[in-house]
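The file start.tsv comes next; it holds TSV, C-alpha atoms and all ligand atoms.
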```
chain	number	residue	atom	x	y	z
W	1075	MET	CA	-22.68	29.47	99.32
W	1076	THR	CA	-23.47	32.43	97.06
W	1077	HIS	CA	-24.22	32.36	93.38
W	1078	PRO	CA	-23.19	35.17	91.04
W	1079	GLN	CA	-26.59	34.99	89.29
W	1080	PRO	CA	-29.21	33.83	91.80
W	1081	ASP	CA	-31.97	33.82	89.11
W	1082	LEU	CA	-30.08	31.51	86.81
W	1083	ALA	CA	-31.12	28.24	88.42
W	1084	ALA	CA	-34.77	29.36	88.75
W	1085	ARG	CA	-34.89	30.38	85.09
W	1086	ALA	CA	-33.19	27.14	84.04
W	1087	LEU	CA	-35.69	25.09	86.03
W	1088	ALA	CA	-38.65	26.94	84.50
W	1089	GLU	CA	-37.21	26.32	81.02
W	1090	PHE	CA	-36.41	22.70	81.89
W	1091	TRP	CA	-40.12	22.07	82.53
W	1092	ALA	CA	-41.50	24.48	79.94
W	1093	ASP	CA	-42.35	22.12	77.10
W	1094	MET	CA	-44.34	19.75	79.33
W	1095	GLY	CA	-47.31	22.10	79.20
W	1096	LEU	CA	-47.76	24.94	81.61
W	1097	GLU	CA	-50.04	23.26	84.12
W	1098	GLU	CA	-48.17	19.97	84.29
W	1099	GLY	CA	-44.82	21.76	84.59
W	1100	ARG	CA	-46.13	24.15	87.24
W	1101	VAL	CA	-47.58	21.33	89.35
W	1102	LEU	CA	-44.44	19.23	89.03
W	1103	SER	CA	-42.15	22.16	89.87
W	1104	ALA	CA	-44.19	22.94	92.97
W	1105	ARG	CA	-44.15	19.28	94.03
W	1106	LEU	CA	-40.43	18.95	93.44
W	1107	LEU	CA	-39.57	22.17	95.21
W	1108	ALA	CA	-41.63	21.00	98.19
W	1109	ARG	CA	-39.63	17.74	98.22
W	1110	ARG	CA	-36.26	19.51	98.04
W	1111	GLY	CA	-33.54	17.88	100.08
W	1112	THR	CA	-35.68	15.05	101.38
W	1113	SER	CA	-34.37	11.91	99.71
W	1114	ALA	CA	-31.02	10.37	100.61
W	1115	THR	CA	-28.17	9.56	98.22
W	1116	ARG	CA	-28.00	5.84	97.63
W	1117	SER	CA	-24.87	4.13	98.88
W	1118	GLN	CA	-21.83	3.75	96.65
W	1119	GLU	CA	-21.78	0.64	94.53
W	1120	ARG	CA	-18.83	-0.84	92.71
W	1121	ALA	CA	-19.15	-1.62	89.01
W	1122	PRO	CA	-18.05	-5.13	88.03
W	1123	ALA	CA	-14.62	-5.00	86.41
W	1124	PRO	CA	-15.17	-7.05	83.24
W	1125	GLY	CA	-16.61	-5.27	80.26
W	1126	ASN	CA	-15.76	-1.74	81.25
W	1127	LEU	CA	-14.13	0.77	78.93
W	1128	GLN	CA	-10.65	-0.36	79.89
W	1129	THR	CA	-11.27	-4.05	79.38
W	1130	ARG	CA	-12.91	-3.39	76.05
W	1131	ALA	CA	-10.13	-1.13	74.83
W	1132	ALA	CA	-7.43	-3.54	75.93
W	1133	SER	CA	-9.04	-6.60	74.42
W	1134	ALA	CA	-9.44	-4.80	71.07
W	1135	ALA	CA	-11.94	-7.45	70.06
W	1136	PRO	CA	-14.81	-6.27	67.84
W	1137	THR	CA	-18.11	-7.46	69.28
W	1138	GLY	CA	-20.47	-6.07	66.61
W	1139	PRO	CA	-22.33	-8.25	64.18
W	1140	ARG	CA	-19.68	-7.85	61.48
W	1141	PRO	CA	-16.18	-6.38	61.64
W	1142	GLU	CA	-15.61	-3.02	60.01
W	1143	PRO	CA	-12.61	-2.28	57.79
W	1144	ARG	CA	-9.53	-1.07	59.62
W	1145	ARG	CA	-7.49	1.71	58.14
W	1146	LEU	CA	-4.16	2.34	59.85
W	1147	GLY	CA	-1.90	-0.62	59.37
W	1148	ASN	CA	-4.13	-3.31	60.74
W	1149	ASN	CA	-4.75	-2.03	64.24
W	1150	PRO	CA	-6.19	1.46	64.72
W	1151	ILE	CA	-6.76	0.70	68.41
W	1152	ALA	CA	-3.02	0.20	68.90
W	1153	ASP	CA	-2.41	3.48	67.05
W	1154	ALA	CA	-4.94	5.26	69.27
W	1155	CYS	CA	-3.26	3.81	72.38
W	1156	ARG	CA	0.16	5.00	71.20
W	1157	LEU	CA	-1.04	8.52	70.31
W	1158	ALA	CA	-3.04	8.86	73.52
W	1159	ALA	CA	-0.11	7.77	75.69
W	1160	ALA	CA	2.17	10.32	74.00
W	1161	ALA	CA	-0.14	13.23	74.90
W	1162	ASN	CA	0.91	14.88	78.14
W	1163	THR	CA	-1.81	17.53	78.37
W	1164	LEU	CA	-5.46	17.72	77.40
W	1165	ALA	CA	-4.54	20.22	74.68
W	1166	GLU	CA	-2.02	17.75	73.23
W	1167	LEU	CA	-4.58	14.98	73.46
W	1168	ARG	CA	-7.14	17.08	71.61
W	1169	SER	CA	-4.64	17.65	68.79
W	1170	ALA	CA	-3.76	13.96	68.76
W	1171	VAL	CA	-7.43	12.99	68.29
W	1172	ALA	CA	-7.82	15.59	65.54
W	1173	GLY	CA	-4.80	14.14	63.72
W	1174	PHE	CA	-5.92	10.51	64.07
W	1175	ASN	CA	-7.27	8.83	60.93
W	1176	GLY	CA	-8.08	5.38	62.32
W	1177	CYS	CA	-11.84	5.84	62.66
W	1178	GLU	CA	-13.87	5.52	59.45
W	1179	LEU	CA	-16.39	8.10	60.68
W	1180	LYS	CA	-13.84	10.85	60.23
W	1181	LYS	CA	-14.07	10.58	56.43
W	1182	ALA	CA	-17.63	11.92	56.33
W	1183	SER	CA	-17.24	14.41	59.21
W	1184	LYS	CA	-16.70	18.15	59.01
W	1185	ASN	CA	-14.99	18.34	62.40
W	1186	THR	CA	-13.44	16.27	65.15
W	1187	VAL	CA	-15.43	16.88	68.35
W	1188	VAL	CA	-13.36	16.21	71.47
W	1189	CYS	CA	-14.36	18.29	74.46
W	1190	ASP	CA	-15.70	21.51	75.91
W	1191	GLY	CA	-15.58	23.13	79.34
W	1192	ALA	CA	-12.81	23.91	81.79
W	1193	PHE	CA	-9.84	21.53	81.65
W	1194	ASP	CA	-9.60	21.71	85.46
W	1195	ALA	CA	-13.33	21.17	86.08
W	1196	PRO	CA	-14.02	18.64	88.88
W	1197	ILE	CA	-16.94	17.08	87.00
W	1198	MET	CA	-16.60	15.24	83.70
W	1199	ILE	CA	-19.63	14.37	81.59
W	1200	VAL	CA	-19.40	11.57	79.05
W	1201	GLY	CA	-22.03	11.54	76.29
W	1202	GLU	CA	-22.46	9.34	73.27
W	1203	ALA	CA	-21.45	10.89	69.95
W	1204	PRO	CA	-21.57	14.24	68.15
W	1205	GLY	CA	-24.69	15.09	66.16
W	1206	GLY	CA	-25.14	17.51	63.26
W	1207	GLU	CA	-24.55	20.78	65.13
W	1208	GLU	CA	-21.63	19.34	67.03
W	1209	ASP	CA	-20.09	18.19	63.73
W	1210	ALA	CA	-20.62	21.67	62.28
W	1211	THR	CA	-19.07	23.51	65.25
W	1212	GLY	CA	-16.50	21.03	66.59
W	1213	LEU	CA	-17.97	21.24	70.13
W	1214	PRO	CA	-19.92	18.59	72.06
W	1215	PHE	CA	-23.53	19.10	73.16
W	1216	VAL	CA	-24.32	22.36	71.37
W	1217	GLY	CA	-27.52	21.27	69.57
W	1218	ARG	CA	-31.00	20.98	71.10
W	1219	ALA	CA	-29.97	18.18	73.43
W	1220	GLY	CA	-26.90	20.15	74.49
W	1221	LYS	CA	-28.97	23.24	75.26
W	1222	LEU	CA	-31.25	21.12	77.44
W	1223	LEU	CA	-28.19	19.62	79.15
W	1224	ASP	CA	-26.92	23.13	79.94
W	1225	LYS	CA	-30.31	24.02	81.46
W	1226	MET	CA	-30.36	20.82	83.49
W	1227	LEU	CA	-26.89	21.58	84.86
W	1228	ALA	CA	-27.83	25.20	85.60
W	1229	THR	CA	-30.74	24.06	87.81
W	1230	VAL	CA	-28.17	22.70	90.25
W	1231	GLY	CA	-25.59	25.45	89.84
W	1232	LEU	CA	-23.31	23.63	87.39
W	1233	SER	CA	-22.02	24.85	84.04
W	1234	ARG	CA	-19.33	24.14	81.51
W	1235	GLN	CA	-17.96	27.63	82.16
W	1236	GLU	CA	-17.35	26.88	85.85
W	1237	ASN	CA	-17.19	23.27	86.93
W	1238	VAL	CA	-18.06	20.83	84.14
W	1239	TYR	CA	-15.97	19.34	81.32
W	1240	ILE	CA	-17.84	17.50	78.56
W	1241	THR	CA	-16.74	14.81	76.15
W	1242	ASN	CA	-18.21	11.84	74.27
W	1243	LEU	CA	-17.46	8.15	73.72
W	1244	ILE	CA	-16.59	8.88	70.08
W	1245	TYR	CA	-15.30	11.99	68.34
W	1246	TRP	CA	-16.96	11.94	64.94
W	1247	ARG	CA	-20.61	12.00	63.96
W	1248	PRO	CA	-22.12	8.63	63.01
W	1249	PRO	CA	-24.05	9.03	59.72
W	1250	GLY	CA	-27.72	9.83	60.27
W	1251	ASN	CA	-27.01	9.99	64.02
W	1252	ARG	CA	-27.08	6.20	64.23
W	1253	ASP	CA	-25.80	4.50	67.39
W	1254	PRO	CA	-22.02	4.29	67.74
W	1255	SER	CA	-20.77	0.80	66.83
W	1256	PRO	CA	-18.71	-1.33	69.25
W	1257	ILE	CA	-15.58	-0.99	67.09
W	1258	GLU	CA	-15.97	2.81	66.88
W	1259	MET	CA	-16.19	2.96	70.66
W	1260	GLN	CA	-13.19	0.66	71.03
W	1261	ILE	CA	-11.09	2.72	68.62
W	1262	CYS	CA	-11.87	5.94	70.53
W	1263	ALA	CA	-11.61	4.42	74.02
W	1264	PRO	CA	-7.84	4.97	74.48
W	1265	PHE	CA	-8.39	8.72	73.95
W	1266	LEU	CA	-11.24	8.80	76.45
W	1267	MET	CA	-9.22	6.86	79.01
W	1268	ARG	CA	-6.27	9.23	78.55
W	1269	GLN	CA	-8.59	12.23	79.04
W	1270	ILE	CA	-9.71	10.70	82.33
W	1271	GLU	CA	-6.09	10.00	83.33
W	1272	LEU	CA	-4.97	13.56	82.53
W	1273	LYS	CA	-8.02	15.21	84.09
W	1274	GLN	CA	-8.59	12.94	87.07
W	1275	PRO	CA	-12.13	14.24	87.58
W	1276	LYS	CA	-13.63	13.99	91.06
W	1277	LEU	CA	-17.01	12.98	89.68
W	1278	LEU	CA	-18.13	11.40	86.40
W	1279	LEU	CA	-21.61	11.74	84.93
W	1280	THR	CA	-22.62	9.41	82.11
W	1281	VAL	CA	-25.55	10.50	80.00
W	1282	GLY	CA	-27.60	7.83	78.28
W	1283	LYS	CA	-27.36	4.09	77.89
W	1284	PHE	CA	-24.29	3.92	75.64
W	1285	ALA	CA	-21.98	6.03	77.79
W	1286	THR	CA	-23.22	4.31	80.95
W	1287	HIS	CA	-22.70	0.81	79.61
W	1288	ALA	CA	-19.32	1.57	78.04
W	1289	MET	CA	-17.94	3.34	81.11
W	1290	LEU	CA	-19.26	1.03	83.77
W	1291	GLY	CA	-19.33	-2.33	82.02
W	1292	ARG	CA	-22.95	-2.80	83.06
W	1293	THR	CA	-25.70	-4.13	80.87
W	1294	ASP	CA	-28.70	-3.25	83.07
W	1295	GLY	CA	-31.14	-0.80	81.51
W	1296	ILE	CA	-30.49	2.91	81.99
W	1297	MET	CA	-33.73	3.18	83.98
W	1298	LYS	CA	-32.24	0.82	86.56
W	1299	LEU	CA	-28.82	2.51	86.65
W	1300	ARG	CA	-29.78	6.20	86.50
W	1301	GLY	CA	-29.38	8.28	89.62
W	1302	ARG	CA	-27.22	5.69	91.38
W	1303	LYS	CA	-23.78	6.38	92.76
W	1304	LEU	CA	-21.64	3.84	90.93
W	1305	SER	CA	-17.91	3.71	90.34
W	1306	TYR	CA	-15.60	3.94	87.31
W	1307	ALA	CA	-12.42	1.87	87.51
W	1308	GLN	CA	-9.26	2.39	85.44
W	1309	ASP	CA	-5.78	0.99	86.10
W	1310	GLY	CA	-3.52	3.45	87.89
W	1311	LEU	CA	-6.38	5.65	89.06
W	1312	ALA	CA	-8.45	5.69	92.22
W	1313	ALA	CA	-12.07	4.68	91.61
W	1314	ILE	CA	-14.14	7.65	90.42
W	1315	PRO	CA	-17.73	8.08	91.69
W	1316	THR	CA	-20.03	7.97	88.67
W	1317	ILE	CA	-23.69	8.85	88.31
W	1318	PRO	CA	-25.57	7.83	85.18
W	1319	THR	CA	-28.52	9.90	84.05
W	1320	LEU	CA	-30.95	10.03	81.13
W	1321	HIS	CA	-29.76	11.42	77.82
W	1322	PRO	CA	-31.18	14.90	77.09
W	1323	ALA	CA	-32.08	13.78	73.54
W	1324	TYR	CA	-34.29	11.11	75.14
W	1325	LEU	CA	-35.83	13.76	77.41
W	1326	LEU	CA	-36.65	15.91	74.37
W	1327	ARG	CA	-38.62	12.99	72.95
W	1328	ASN	CA	-40.13	11.93	76.30
W	1329	THR	CA	-40.75	15.12	78.26
W	1330	ALA	CA	-42.63	13.33	81.05
W	1331	GLU	CA	-39.36	11.60	81.98
W	1332	LYS	CA	-37.88	14.94	83.06
W	1333	ALA	CA	-39.08	14.22	86.59
W	1334	LYS	CA	-36.59	11.32	86.71
W	1335	ALA	CA	-33.80	13.53	85.37
W	1336	TRP	CA	-34.62	16.11	88.02
W	1337	ASP	CA	-34.29	13.46	90.74
W	1338	ASP	CA	-30.89	12.51	89.29
W	1339	LEU	CA	-29.80	16.16	89.25
W	1340	ARG	CA	-30.64	16.52	92.92
W	1341	THR	CA	-28.63	13.37	93.70
W	1342	ILE	CA	-25.73	14.86	91.73
W	1343	ALA	CA	-26.04	18.16	93.63
W	1344	ARG	CA	-26.06	16.39	97.00
W	1345	LEU	CA	-22.99	14.35	96.04
W	1346	CYS	CA	-21.18	17.52	94.90
W	1347	ASP	CA	-21.88	19.07	98.30
W	1348	GLU	CA	-20.73	15.94	100.14
W	1349	MET	CA	-17.53	15.85	98.07
W	1350	GLY	CA	-16.81	19.57	98.46
W	1351	ILE	CA	-17.30	20.26	94.74
W	1352	LYS	CA	-18.20	23.95	94.48
W	1353	ARG	CA	-21.42	24.81	92.67
W	1354	GLY	CA	-23.96	27.60	92.63
W	1355	PRO	CA	-26.93	27.07	95.00
W	1356	GLY	CA	-29.29	25.88	92.28
W	1357	LEU	CA	-32.75	24.90	93.46
B	1	LIG	N1	-25.47	13.83	72.02
B	1	LIG	C1	-24.34	13.34	72.58
B	1	LIG	O1	-24.34	12.28	73.20
B	1	LIG	N2	-23.24	14.08	72.44
B	1	LIG	C2	-23.20	15.24	71.82
B	1	LIG	O2	-22.15	15.86	71.77
B	1	LIG	C3	-24.40	15.73	71.25
B	1	LIG	C4	-25.52	15.00	71.37
```

Give the structure from the file, written as structure tokens.
Ligand code: URA
Amino acid sequence: MTHPQPDLAARALAEFWADMGLEEGRVLSARLLARRGTSATRSQERAPAPGNLQTRAASAAPTGPRPEPRRLGNNPIADACRLAAAANTLAELRSAVAGFNGCELKKASKNTVVCDGAFDAPIMIVGEAPGGEEDATGLPFVGRAGKLLDKMLATVGLSRQENVYITNLIYWRPPGNRDPSPIEMQICAPFLMRQIELKQPKLLLTVGKFATHAMLGRTDGIMKLRGRKLSYAQDGLAAIPTIPTLHPAYLLRNTAEKAKAWDDLRTIARLCDEMGIKRGPGL
């Protein structure tokens, strides 16, 4: 396999470690490079059906501490389902989300943030929610965390230009970057499920606890789930292999945890190779 820019992955890896301190990063890089290709991908595991994105969207039952006001008629989830089902392409779906007024977060947002990357990319990343820079630009993962995510992907020859499509659980910024609420996730879920249906990605990556729990219906901590080959189930679709990993915003706050993210990236790279998903050589 050849890569158009052989230095790219090396530079991305150096930058990935850079803020850990030169010595620590250098030692870790050397250790990791020495270990390249040695550990095996864990076997595929099936996520339990109850509690996944589909079940939550279908049940339409708020699980948060107190219900939030609903705006469209009395069931924005039903409206989201109807609009999502009517979209026959990802471009139509994007417009449908932008025109949807059923999520309260939209009122205080500058932009609707749906997706970025190639529509035909074999890999789909699901994050949590837009932050300030995403709200300002209308694109997911373009702030500090997004830049780190791009570097992480580049270390294993992946990019949103070539083989990765990125979206989030919700499409508007929660005020003060608070966690997305259960009802916000439920209202947006029909659009996410329709994106998956229209795209049919070969591989899903969930970043962070919220996306992992919502997509897989698991409640185990992200540290237990990360780096494992799990499975996303949705009616009418074949099961999609899914690997959870740590959220880049968490890695920015906890740089020592990058070693775990690097392990996950190598698992992702191995799975891509096993599945015939084309990528640059990475490291
Ligand atoms: N964090 C996310 O989960 N998504 C974004 O788009 C940006 C930051």

Closest atom pairs, residues of chain W within 6 Å of ligand LIG 1 (chain B), only C-alpha atoms and all ligand atoms, as CSV:
```
residue,atom,partner,partner_atom,distance
W:Gly1201,CA,B:LIG1,O1,3.9
W:Glu1202,CA,B:LIG1,O1,3.5
W:Ala1203,CA,B:LIG1,N2,4.4
W:Pro1204,CA,B:LIG1,O2,4.0
W:Gly1205,CA,B:LIG1,C3,5.1
W:Glu1208,CA,B:LIG1,O2,5.9
W:Pro1214,CA,B:LIG1,O2,3.5
W:Phe1215,CA,B:LIG1,O2,3.8
W:Ala1219,CA,B:LIG1,C4,5.8
W:Asn1242,CA,B:LIG1,N2,5.8
```

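Closest approach to Trp1336 in chain W among W:Leu1320, W:Ala1092, W:Val1187, W:Cys1155 is made by W:Leu1320 (distances from only C-alpha atoms).
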
task = Identify, on the basis of only C-alpha atoms, every residue whose closest approach to range 1278-1290 of chain W does not exceed 9 Å; exclude the query and any residue fewer than 5 positions from it along the same chain; express the result as an MDAnalysis selection string.
result = chainID W and resid 1121:1123 1125:1128 1130 1196:1202 1242:1243 1253:1254 1259 1295:1297 1299:1300 1304:1307 1314:1324 1342

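The closest residue to Ala1192 in chain W, picked from W:Val1171, W:Leu1232, W:Met1226, W:Ala1159 and counting all atoms listed in the file, is W:Leu1232.
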
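Proximity to Ala1343 in chain W at 9 Å, evaluated using all atoms listed in the file and with sequence-adjacent residues fewer than 4 positions away removed, yields W:Val1230, W:Gly1231, W:Leu1232, W:Asp1338, W:Leu1339, W:Asp1347, W:Glu1348, W:Arg1353, W:Gly1356.
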
inquiry  = Can you tell me which residues surround Ala1084 in chain W at a distance of at most 10 Å, considering all atoms listed in the file, apart from same-chain residues fewer than 4 positions away, and format the answer as a ChimeraX atom specification?
reply    = /W:1079-1080,1088-1090,1228-1230,1356-1357

query = Skipping near chain neighbours, those fewer than 5 positions away, what residues fall within 12 Å of Ser1169 in chain W using only C-alpha atoms, listed as number ranges by chain?
reply = W: 1157-1158, 1160-1164, 1174, 1186-1189, 1265

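Relative to CA of Ala1312 in chain W, CA of Asn1237 in chain W is found at 20.3 Å.
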
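Each of W:Glu1331, W:Glu1178, W:Asp1194, W:Asp1153 was compared to Pro1275 in chain W using all atoms listed in the file, and W:Asp1194 turns out to be the nearest.
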
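If you measure from each of W:Leu1326, W:Ala1172, W:Leu1272, W:Leu1222 to Ala1086 in chain W using all atoms listed in the file, the closest one turns out to be W:Leu1222.
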
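Picture a line from CA of Lys1180 in chain W to CA of Phe1193 in chain W; it runs 24.3 Å.
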
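For the atom pair formed by CA of Leu1311 in chain W and CA of Gly1191 in chain W, the distance is 22.0 Å, given to one decimal.
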
note = Between W:Ala1195, W:Leu1325, W:Leu1213, W:Ile1244, smallest distance to Cys1177 in chain W by only C-alpha atoms belongs to W:Ile1244

message = Counting all atoms listed in the file, which residues sit no farther than 10 Å from the position (-23.8, 12.0, 60.5) in the file's frame? I'd like them as a VMD selection string.
response = chain W and resid 1179 1182 to 1184 1203 to 1207 1209 1246 to 1252

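The closest residue to Gly1350 in chain W, picked from W:Gly1173, W:Ala1330, W:Asp1337, W:Lys1276 and counting all atoms listed in the file, is W:Lys1276.
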